[in-house]
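Shown next, in structure tokens, is the structure this report addresses.
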Amino acid sequence: MTEEIPGVNMADLRLKGFRVHALQASQELPLRRGRRDFYKMGLVNGDMTVQYGGKLLELKGTVLFFVNPKVPHSVVSRVNRTSGYACLFTEAFMNSRELHDSPLFRAGDNPVIPLDSAQAAFMDGIFREMLSVYQEDYPYKSDLIRNCISVVLHEALRIQPPKQAAAFQNGAGRVTHLFLDLLERQFPIERPNEPLRLRNPQQFANRLSLHVNYLNRAVKSVTGKPTSVHIAARIAAEARALLLYTDWSVADIAYALGFEYPAYFNNYFKRLTGTTPNTFRKV
């Protein structure tokens, strides 16, 4: 399910492939959002709480915020008036590999990067430039905005390097990165007739051509959590998203997540969340 955004011409966005606008402080807070078909990055100044992929994130001061199109998100509350800019763009508009490989849009990572005053001023200048170009009739505006987006992405990574970067100094770190990347690439699930394939440590070890004991030791040494815990947490997060943002039946969701019978999924979900799928969906 995709959504319409107040004040945004979705047909125009899909046609051009990008849109830049100033944030509207008076915009009503959305109660529920669906998954989208465009990427988003924003420069936000204020104090708000955002729900992103089932997690509550606190945005305080001036931050960069990056949104994966397949991860549902919504603004839960604002403490004061917010200001800033947002840039929306489709995968076709940018280099898809640059987006897919960027940790900024990785669904399991924190999409918020706090900025100090100098960093905020620099980013404000880039977003102002994008907005100015977007409103002009400059014939090469697409190229210029595409370049500005790339600058923001690379500067963001320079400000806050990926957490996995330091871990690549040893074999355990690289194995852990490969495992987490393989886990994340299975999501989001978009069709109930294409069930999840990798659901336990042995299956991941087989895909990575590793012994399962080595995989478990590597992941535990780097993250402090067993491989099975990472898998269960990600499956539970996807289950919550499917229950909230699709009209699929519980049986369809169970099958999509690789459960042979809905009863197995019900027990699994209740063990991890403390409630049944049907009860969670009604809250």
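By order in the structure tokens, chains are A, B, ...; within a chain, residues start at 1; ligands start at 1, following the order shown.
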Non-local contacts of Phe66 in chain A (7 Å; only C-alpha atoms; under 6 positions in same chain excluded) as a list in words
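The filter keeps Lys40, Met41, Gly42, Leu104, Phe105, Pro111 and Val112 of chain A.
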Would you return as a PyMOL selection string the members of range 62-185 of chain A that DSSP assigns to strand (DSSP E) on this structure's backbone?
chain A and resi 62-67+73-78+83-89+112-114
Extract, using only C-alpha atoms, all DNA, RNA and protein residues at most 9 Å from Met130 in chain A, discarding same-chain residues fewer than 6 positions from it, and format them as an NGL selection string.
:A and (20-21 or 87 or 141 or 144-145 or 148-149)
From a backbone DSSP assignment, name each residue in range 43-280 of chain A labelled helix (DSSP H, G or I), as an MDAnalysis selection string.
chainID A and resid 96:101 103:105 117:134 141:159 164:167 171:184 201:207 212:223 227:245 250:256 262:273 277:280
When you count only C-alpha atoms, which of these residues is closest to Ser209 in chain A: A:Ala233, A:Lys270, A:Val175, A:Asp247?
A:Val175
Report as an NGL selection string all protein, DNA and RNA residues lying within 9 Å of Gly61 in chain A, evaluated on only C-alpha atoms, omitting residues in the same chain fewer than 5 positions from it.
:A and (44-47 or 114-116)
Just checking: using only C-alpha atoms, which residue out of A:Phe187, A:Lys225, A:Ile235, A:Leu178 ends up closest to Leu208 in chain A?
A:Leu178
